[in-house]
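Visitor: Following this line is data20.cif, made up of mmCIF, C-alpha atoms:
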data_input
#
loop_
_atom_site.label_atom_id
_atom_site.label_comp_id
_atom_site.auth_asym_id
_atom_site.auth_seq_id
_atom_site.Cartn_x
_atom_site.Cartn_y
_atom_site.Cartn_z
CA MET A 796 -11.72 -13.71 9.24
CA ILE A 797 -10.13 -12.15 6.14
CA ARG A 798 -6.54 -13.07 5.31
CA VAL A 799 -4.57 -10.30 3.61
CA ALA A 800 -1.24 -11.16 1.96
CA ALA A 801 0.97 -8.17 1.23
CA VAL A 802 4.40 -7.27 -0.12
CA GLY A 803 6.02 -4.22 -1.68
CA ASP A 804 9.30 -3.23 -3.28
CA ILE A 805 9.80 -6.42 -5.22
CA HIS A 806 11.70 -4.41 -7.90
CA MET A 807 11.38 -6.94 -10.69
CA GLY A 808 13.39 -6.93 -13.89
CA PRO A 809 14.04 -9.39 -16.74
CA ASP A 810 16.45 -11.45 -14.63
CA SER A 811 13.91 -11.98 -11.81
CA GLN A 812 11.17 -13.71 -13.78
CA GLY A 813 9.82 -16.66 -11.80
CA VAL A 814 11.50 -15.77 -8.51
CA LEU A 815 8.26 -15.10 -6.63
CA ARG A 816 5.83 -17.20 -8.65
CA PRO A 817 6.25 -20.45 -6.67
CA ALA A 818 5.45 -18.65 -3.40
CA PHE A 819 2.56 -16.70 -4.97
CA GLU A 820 1.01 -19.95 -6.21
CA THR A 821 0.55 -21.03 -2.56
CA LEU A 822 -1.64 -18.02 -1.78
CA GLY A 823 -4.86 -19.97 -2.24
CA ASP A 824 -3.97 -21.97 0.88
CA CYS A 825 -3.19 -19.03 3.17
CA ALA A 826 -4.76 -15.79 1.91
CA ASP A 827 -7.88 -14.26 0.42
CA LEU A 828 -6.16 -11.52 -1.58
CA LEU A 829 -2.69 -10.17 -2.38
CA LEU A 830 -1.75 -6.51 -1.97
CA LEU A 831 1.26 -5.09 -3.83
CA ALA A 832 2.53 -1.91 -2.17
CA GLY A 833 4.39 -0.31 -5.07
CA ASP A 834 7.90 -0.37 -6.52
CA LEU A 835 6.99 -3.46 -8.48
CA THR A 836 9.58 -2.64 -11.15
CA ARG A 837 13.12 -1.28 -11.08
CA HIS A 838 12.79 1.61 -13.51
CA GLY A 839 9.11 1.74 -14.46
CA THR A 840 9.40 0.38 -17.99
CA PRO A 841 6.58 -1.55 -19.66
CA ASP A 842 8.96 -4.49 -20.24
CA GLU A 843 9.60 -4.71 -16.49
CA ALA A 844 5.87 -4.42 -15.88
CA ARG A 845 5.34 -7.41 -18.13
CA VAL A 846 7.68 -9.42 -15.90
CA VAL A 847 5.51 -8.50 -12.90
CA ALA A 848 2.35 -9.27 -14.87
CA ARG A 849 3.55 -12.79 -15.69
CA GLU A 850 4.48 -13.30 -12.04
CA VAL A 851 0.94 -12.56 -10.80
CA ALA A 852 -1.33 -13.53 -13.71
CA GLY A 853 -3.81 -16.27 -12.93
CA LEU A 854 -3.10 -16.50 -9.22
CA PRO A 855 -5.69 -18.21 -7.01
CA VAL A 856 -6.51 -14.92 -5.24
CA PRO A 857 -7.32 -11.38 -6.47
CA VAL A 858 -4.36 -9.00 -6.74
CA VAL A 859 -4.64 -5.30 -5.83
CA ALA A 860 -1.73 -2.89 -6.32
CA VAL A 861 -0.52 0.69 -6.20
CA LEU A 862 2.49 1.99 -8.07
CA GLY A 863 5.63 3.29 -6.37
CA ASN A 864 8.23 5.89 -7.22
CA HIS A 865 10.32 3.36 -9.18
CA ASP A 866 7.26 2.55 -11.28
CA HIS A 867 7.15 6.24 -12.28
CA HIS A 868 10.85 6.61 -13.09
CA ASP A 869 10.53 6.02 -16.86
CA GLU A 870 7.61 8.46 -16.88
CA ARG A 871 5.22 5.85 -18.31
CA PRO A 872 3.02 4.97 -15.33
CA ASP A 873 -0.08 4.72 -17.51
CA GLU A 874 1.59 2.07 -19.65
CA VAL A 875 2.80 0.18 -16.58
CA THR A 876 -0.72 0.32 -15.17
CA ALA A 877 -2.22 -0.94 -18.44
CA VAL A 878 0.15 -3.93 -18.56
CA LEU A 879 -0.73 -4.90 -14.99
CA ARG A 880 -4.46 -4.44 -15.51
CA GLU A 881 -4.34 -6.63 -18.61
CA ALA A 882 -2.99 -9.38 -16.32
CA GLY A 883 -5.96 -8.93 -13.99
CA VAL A 884 -4.33 -6.72 -11.35
CA ARG A 885 -6.56 -4.03 -9.85
CA VAL A 886 -4.24 -1.00 -9.89
CA LEU A 887 -5.49 1.85 -7.70
CA GLU A 888 -4.71 5.55 -7.57
CA GLY A 889 -7.17 7.63 -5.58
CA GLU A 890 -9.82 4.96 -5.87
CA GLY A 891 -11.07 1.84 -4.12
CA THR A 892 -12.13 -1.68 -4.95
CA VAL A 893 -14.18 -4.34 -3.15
CA VAL A 894 -12.96 -7.92 -2.95
CA GLU A 895 -15.41 -10.70 -2.13
CA THR A 896 -13.84 -13.37 0.08
CA GLY A 897 -15.03 -16.33 2.09
CA GLY A 898 -14.56 -14.24 5.20
CA GLY A 899 -16.55 -11.27 3.92
CA ARG A 900 -16.22 -8.20 1.77
CA VAL A 901 -12.96 -6.28 2.09
CA GLY A 902 -12.54 -2.83 0.61
CA VAL A 903 -9.11 -1.62 -0.47
CA ALA A 904 -8.42 2.08 -1.04
CA GLY A 905 -5.15 2.89 -2.74
CA THR A 906 -2.77 5.67 -3.65
CA LYS A 907 0.96 5.88 -4.23
CA GLY A 908 1.13 8.79 -1.82
CA PHE A 909 4.15 11.08 -1.62
CA GLY A 910 6.54 12.74 0.83
CA GLY A 911 6.54 15.84 2.97
CA GLY A 912 7.36 14.60 6.44
CA PHE A 913 5.52 14.14 9.68
CA ALA A 914 3.90 16.26 12.39
CA GLY A 915 6.29 18.86 13.74
CA ARG A 916 8.89 18.20 11.05
CA SER A 917 7.05 18.56 7.77
CA GLY A 918 6.99 20.72 4.70
CA GLY A 919 4.24 23.24 4.07
CA GLU A 920 2.49 24.98 1.19
CA PHE A 921 4.64 28.09 1.52
CA GLY A 922 7.34 29.78 -0.54
CA GLU A 923 8.39 28.79 -4.01
CA PRO A 924 5.81 27.31 -6.43
CA LEU A 925 7.77 24.03 -6.56
CA MET A 926 7.58 23.66 -2.78
CA LYS A 927 3.88 24.43 -2.77
CA GLU A 928 3.25 21.88 -5.49
CA PHE A 929 5.29 19.24 -3.64
CA ILE A 930 2.95 19.40 -0.65
CA ARG A 931 -0.19 19.92 -2.73
CA TYR A 932 0.57 16.73 -4.63
CA THR A 933 0.81 14.82 -1.37
CA ARG A 934 -2.43 16.41 -0.21
CA ARG A 935 -4.20 15.36 -3.40
CA CYS A 936 -3.02 11.79 -2.86
CA ALA A 937 -4.25 11.87 0.75
CA ASP A 938 -7.58 13.39 -0.26
CA GLY A 939 -8.10 10.63 -2.81
CA LEU A 940 -7.31 8.01 -0.19
CA ARG A 941 -9.75 9.51 2.30
CA THR A 942 -12.55 9.79 -0.26
CA SER A 943 -12.02 6.20 -1.39
CA LEU A 944 -12.13 4.88 2.17
CA GLU A 945 -15.31 6.86 2.85
CA GLU A 946 -16.96 5.46 -0.27
CA LEU A 947 -16.02 1.91 0.71
CA ALA A 948 -17.67 2.42 4.10
CA GLY A 949 -21.01 2.67 2.31
CA GLN A 950 -20.51 -0.49 0.27
CA GLY A 951 -21.01 -3.08 2.99
CA CYS A 952 -17.37 -3.92 3.54
CA GLU A 953 -16.60 -5.88 6.70
CA GLU A 954 -13.02 -4.57 6.56
CA ARG A 955 -11.26 -1.66 4.90
CA VAL A 956 -7.55 -1.49 4.07
CA ALA A 957 -5.53 1.57 3.06
CA LEU A 958 -2.83 0.61 0.55
CA THR A 959 -0.02 3.10 -0.17
CA HIS A 960 3.59 3.07 -1.25
CA PHE A 961 4.79 6.01 0.85
CA ALA A 962 4.52 5.71 4.63
CA PRO A 963 1.69 7.33 6.60
CA VAL A 964 3.53 7.26 9.95
CA PRO A 965 7.15 7.59 11.11
CA ASP A 966 6.96 4.46 13.31
CA THR A 967 7.63 2.14 10.38
CA LEU A 968 10.60 4.22 9.23
CA ALA A 969 12.70 3.40 12.30
CA GLY A 970 16.08 2.29 10.96
CA GLU A 971 16.10 4.76 8.09
CA PRO A 972 18.27 7.90 8.33
CA LEU A 973 16.25 10.72 9.92
CA GLU A 974 17.39 13.06 7.15
CA ILE A 975 15.32 11.21 4.54
CA TYR A 976 12.07 10.83 6.53
CA PRO A 977 10.43 13.70 4.57
CA PHE A 978 11.03 11.75 1.35
CA LEU A 979 9.61 8.50 2.73
CA GLY A 980 6.09 9.58 3.62
CA SER A 981 3.67 12.13 4.98
CA TYR A 982 1.42 12.62 8.00
CA LEU A 983 -1.30 13.70 5.55
CA LEU A 984 -1.80 10.05 4.60
CA ALA A 985 -2.35 9.08 8.24
CA GLU A 986 -4.76 11.98 8.72
CA ALA A 987 -6.79 10.70 5.78
CA ILE A 988 -6.80 7.15 7.14
CA ASP A 989 -7.92 8.27 10.60
CA ALA A 990 -10.53 10.66 9.24
CA ALA A 991 -12.20 8.02 7.06
CA GLY A 992 -11.45 4.96 9.19
CA ALA A 993 -9.66 1.75 8.26
CA ASP A 994 -8.80 -1.59 9.80
CA LEU A 995 -5.28 -1.83 8.41
CA ALA A 996 -2.82 0.37 6.53
CA VAL A 997 -0.14 -1.23 4.36
CA HIS A 998 2.82 0.49 2.70
CA GLY A 999 6.32 -0.11 1.36
CA HIS A 1000 9.16 2.21 0.25
CA ALA A 1001 11.21 2.16 3.49
CA HIS A 1002 13.68 -0.67 2.85
CA ALA A 1003 15.56 -0.15 6.12
CA GLY A 1004 12.46 0.55 8.18
CA THR A 1005 10.39 -1.44 10.66
CA GLU A 1006 7.32 -3.56 10.04
CA HIS A 1007 4.95 -2.44 12.80
CA GLY A 1008 3.42 0.98 13.43
CA MET A 1009 0.14 2.69 14.22
CA THR A 1010 -1.65 5.91 13.36
CA SER A 1011 -2.60 8.30 16.15
CA GLY A 1012 -6.17 7.11 15.67
CA GLY A 1013 -5.22 3.50 16.39
CA VAL A 1014 -5.12 2.01 12.89
CA PRO A 1015 -2.39 -0.66 12.59
CA VAL A 1016 0.25 0.17 9.98
CA ARG A 1017 2.48 -2.44 8.38
CA ASN A 1018 5.58 -1.78 6.28
CA VAL A 1019 5.66 -4.72 3.86
CA ALA A 1020 8.71 -3.69 1.82
CA GLN A 1021 10.34 -6.99 0.92
CA PRO A 1022 13.72 -6.00 2.43
CA VAL A 1023 11.85 -5.51 5.72
CA ILE A 1024 9.66 -8.63 5.79
CA ARG A 1025 12.38 -10.76 4.10
CA LYS A 1026 9.94 -13.12 2.37
CA ALA A 1027 7.66 -13.29 -0.64
CA PHE A 1028 4.74 -11.87 1.39
CA ASN A 1029 3.31 -11.58 4.88
CA VAL A 1030 -0.25 -12.52 5.78
CA TYR A 1031 -2.37 -10.41 8.15
CA HIS A 1032 -5.65 -11.61 9.64
CA LEU A 1033 -8.55 -9.19 9.99
CA HIS A 1034 -11.21 -10.32 12.43
CA GLY A 1035 -14.03 -7.88 11.75
CA ASP A 1036 -14.19 -6.19 15.18
CA ARG A 1037 -16.60 -3.27 14.85
CA SER A 1038 -16.37 -1.94 18.41
CA GLY A 1039 -14.87 1.34 17.16
CA SER A 1040 -11.93 1.03 19.55
CA GLY A 1041 -8.47 1.66 18.16
CA ASP A 1042 -7.08 -0.93 20.57
CA ALA A 1043 -9.60 -3.47 19.32
CA ARG A 1044 -8.61 -2.77 15.70
CA ALA A 1045 -4.94 -3.22 16.54
CA ALA A 1046 -5.63 -6.48 18.32
CA ALA A 1047 -7.58 -7.74 15.32
CA VAL A 1048 -4.53 -7.76 13.05
CA ARG A 1049 -2.53 -10.95 13.30
CA ARG A 1050 0.25 -12.30 11.15
#
Could you express the structure from this file as structure tokens?
Guide:
Amino acid sequence: MIRVAAVGDIHMGPDSQGVLRPAFETLGDCADLLLLAGDLTRHGTPDEARVVAREVAGLPVPVVAVLGNHDHHDERPDEVTAVLREAGVRVLEGEGTVVETGGGRVGVAGTKGFGGGFAGRSGGEFGEPLMKEFIRYTRRCADGLRTSLEELAGQGCEERVALTHFAPVPDTLAGEPLEIYPFLGSYLLAEAIDAAGADLAVHGHAHAGTEHGMTSGGVPVRNVAQPVIRKAFNVYHLHGDRSGSGDARAAAVRR
């Protein structure tokens, strides 16, 4: 069994230093790794990133993260990433990483992702160049996620997790205004997850959404935005079922 702790949208700033650290220090007793699903800062400044870095440095479990839209706001995502990596965080964008745990090897593929909407109500690569680029950017994020998951499949991972900030399915957006669904995620992310295969998908971004969802291919999806889970993190248990059944994968995820 692999125990995956996850949280997103912690939106840390100078006045929140130390708020999550006491809970994070208990992770060695209940989890094998910590996933951070983006929006770690409020405005994407390096100073805010340093607050996050101090919060997670030296934890008893590995930390894997993706950035969110807030982490891009100051237009210095590379600096934010560098600060987090210096603290030992594995920050992913269109790439994967393998974590060795007592329960086995877990592969995490990550991308921020982007918007565009969901099947039947989505944007397309048509019309003005800005609209085309909007969807092409999302597609590039999804393609990177799919490639990373495929590469992890060949690295002996007992479990694979897709980590994004934007949502891959509309299920976990329930509670958000329908008008903003296209800005909260994209079906292209779910298509990538189903095409490559995964045991769990984790995202944030939708503060008023719902925790539980599923891709059409049967991969469990969890919205771990802190306003949704209302705690420092949730823990999900992966049981290594390799039957290939979507129902079996869904049943394998426990909190």
Visitor: Name the residues in contact with range 942-946 of chain A at a cut-off of 7 Å, using only C-alpha atoms, excluding same-chain residues fewer than 4 positions from it; report them as a ChimeraX atom specification.
Guide: /A:889-891,904,938,950,991
Visitor: Any chance you could work out the residue set of the PyMOL selection byres ((chain A and resi 941) around 12) here, as a short mmCIF file (atom, residue, chain, number, x, y, z; two decimals) with C-alpha atoms, keeping the file's coordinate frame?
Guide:
data_model
loop_
_atom_site.label_atom_id
_atom_site.label_comp_id
_atom_site.auth_asym_id
_atom_site.auth_seq_id
_atom_site.Cartn_x
_atom_site.Cartn_y
_atom_site.Cartn_z
CA GLU A 888 -4.71 5.55 -7.57
CA GLY A 889 -7.17 7.63 -5.58
CA GLU A 890 -9.82 4.96 -5.87
CA GLY A 891 -11.07 1.84 -4.12
CA VAL A 903 -9.11 -1.62 -0.47
CA ALA A 904 -8.42 2.08 -1.04
CA GLY A 905 -5.15 2.89 -2.74
CA THR A 906 -2.77 5.67 -3.65
CA GLY A 908 1.13 8.79 -1.82
CA ARG A 934 -2.43 16.41 -0.21
CA ARG A 935 -4.20 15.36 -3.40
CA CYS A 936 -3.02 11.79 -2.86
CA ALA A 937 -4.25 11.87 0.75
CA ASP A 938 -7.58 13.39 -0.26
CA GLY A 939 -8.10 10.63 -2.81
CA LEU A 940 -7.31 8.01 -0.19
CA THR A 942 -12.55 9.79 -0.26
CA SER A 943 -12.02 6.20 -1.39
CA LEU A 944 -12.13 4.88 2.17
CA GLU A 945 -15.31 6.86 2.85
CA GLU A 946 -16.96 5.46 -0.27
CA LEU A 947 -16.02 1.91 0.71
CA ALA A 948 -17.67 2.42 4.10
CA ARG A 955 -11.26 -1.66 4.90
CA VAL A 956 -7.55 -1.49 4.07
CA ALA A 957 -5.53 1.57 3.06
CA LEU A 958 -2.83 0.61 0.55
CA THR A 959 -0.02 3.10 -0.17
CA LEU A 983 -1.30 13.70 5.55
CA LEU A 984 -1.80 10.05 4.60
CA ALA A 985 -2.35 9.08 8.24
CA GLU A 986 -4.76 11.98 8.72
CA ALA A 987 -6.79 10.70 5.78
CA ILE A 988 -6.80 7.15 7.14
CA ASP A 989 -7.92 8.27 10.60
CA ALA A 990 -10.53 10.66 9.24
CA ALA A 991 -12.20 8.02 7.06
CA GLY A 992 -11.45 4.96 9.19
CA ALA A 993 -9.66 1.75 8.26
#
Visitor: So that I can check the surroundings of Val1019 in chain A, please list as a list in words every protein, DNA and RNA residue that reaches within 8 Å of it, counting all atoms listed in the file and ignoring chain neighbours fewer than 5 positions away.
Guide: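 Here the qualifying residues turn out to be Ala801, Val802, Gly803, Ala832, Val997, His998, Gly999, Glu1006, Ile1024, Phe1028 and Asn1029 of chain A.
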Visitor: Report as an mmCIF file with C-alpha atoms, in the frame of the given file all protein, DNA and RNA residues lying within 12 Å of Asn864 in chain A, evaluated on only C-alpha atoms, omitting residues in the same chain fewer than 5 positions from it.
Guide:
data_model
loop_
_atom_site.group_PDB
_atom_site.id
_atom_site.type_symbol
_atom_site.label_atom_id
_atom_site.label_comp_id
_atom_site.auth_asym_id
_atom_site.auth_seq_id
_atom_site.Cartn_x
_atom_site.Cartn_y
_atom_site.Cartn_z
ATOM 1 C CA GLY A 803 6.020 -4.220 -1.680
ATOM 2 C CA ASP A 804 9.300 -3.230 -3.280
ATOM 3 C CA HIS A 806 11.700 -4.410 -7.900
ATOM 4 C CA ALA A 832 2.530 -1.910 -2.170
ATOM 5 C CA GLY A 833 4.390 -0.310 -5.070
ATOM 6 C CA ASP A 834 7.900 -0.370 -6.520
ATOM 7 C CA LEU A 835 6.990 -3.460 -8.480
ATOM 8 C CA THR A 836 9.580 -2.640 -11.150
ATOM 9 C CA ARG A 837 13.120 -1.280 -11.080
ATOM 10 C CA HIS A 838 12.790 1.610 -13.510
ATOM 11 C CA GLY A 839 9.110 1.740 -14.460
ATOM 12 C CA ASP A 869 10.530 6.020 -16.860
ATOM 13 C CA GLU A 870 7.610 8.460 -16.880
ATOM 14 C CA ARG A 871 5.220 5.850 -18.310
ATOM 15 C CA PRO A 872 3.020 4.970 -15.330
ATOM 16 C CA THR A 906 -2.770 5.670 -3.650
ATOM 17 C CA LYS A 907 0.960 5.880 -4.230
ATOM 18 C CA GLY A 908 1.130 8.790 -1.820
ATOM 19 C CA PHE A 909 4.150 11.080 -1.620
ATOM 20 C CA GLY A 910 6.540 12.740 0.830
ATOM 21 C CA THR A 959 -0.020 3.100 -0.170
ATOM 22 C CA HIS A 960 3.590 3.070 -1.250
ATOM 23 C CA PHE A 961 4.790 6.010 0.850
ATOM 24 C CA PHE A 978 11.030 11.750 1.350
ATOM 25 C CA LEU A 979 9.610 8.500 2.730
ATOM 26 C CA GLY A 980 6.090 9.580 3.620
ATOM 27 C CA GLY A 999 6.320 -0.110 1.360
ATOM 28 C CA HIS A 1000 9.160 2.210 0.250
ATOM 29 C CA ALA A 1001 11.210 2.160 3.490
#
Visitor: If the PyMOL selection byres ((chain A and resi 873-876) around 7) is run on the structure shown, which residues does it catch, given as a list in words?
Guide: Gly839, Thr840, Pro841, Ala844, Arg871, Pro872, Ala877, Val878, Leu879, Arg880 and Val886 of chain A
Visitor: Have a look at A:Thr933, A:Ala1027, A:Gly897, A:Leu829 and name the one nearest to Val884 in chain A; count only C-alpha atoms.
Guide: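 The shortest atom-to-atom distance to Val884 in chain A comes from A:Leu829.
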Visitor: What is the CA of Glu850 in chain A-CA of Ala800 in chain A distance in Å, reported with one decimal?
Guide: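 We find that CA of Glu850 in chain A and CA of Ala800 in chain A lie 15.3 Å from each other.
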Visitor: Report as a ChimeraX atom specification the residues that result from applying the PyMOL selection byres ((chain A and resi 896) around 10) to the structure here.
Guide: /A:796-798,826-828,856-857,893-895,897-901
Visitor: Using all atoms listed in the file, find the one residue out of A:Glu974, A:Glu954, A:Asp966, A:Asp842 that sits nearest to Val799 in chain A.
Guide: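 The closest residue to Val799 in chain A is A:Glu954.
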Visitor: For the atom pair CA of Ser981 in chain A and CA of Leu830 in chain A, what is the interatomic distance in Å to one decimal place?
Guide: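 The value is 20.6 Å.
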Visitor: Quick check, in Å to one decimal: how far apart do CA of Asn1018 in chain A and CA of His865 in chain A lie?
Guide: 17.0 Å
Visitor: Which residue, A:Lys927, A:Pro965, A:Gly883, A:Val851, has the smallest gap to Gly915 in chain A when you use all atoms listed in the file?
Guide: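 Looking at the shortest contact to Gly915 in chain A, the residue is A:Pro965.
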Visitor: Restricting the calculation to all atoms listed in the file: of A:Ala914, A:Ala1020, A:Ala882, A:Leu925, which residue gets closest to Leu968 in chain A?
Guide: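 Checking each of A:Ala914, A:Ala1020, A:Ala882, A:Leu925 against Leu968 in chain A, counting all atoms listed in the file, the winner is A:Ala1020.
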Visitor: Please write out, as AutoDock Vina command-line options, where the centre of an axis-aligned box around all listed atoms of range 1002-1013 of chain A lies and how long its edges are, in Å to one decimal, after adding 4 Å on each side.
Guide:
--center_x 4.7 --center_y 2.4 --center_z 9.6 --size_x 29.7 --size_y 19.9 --size_z 21.5
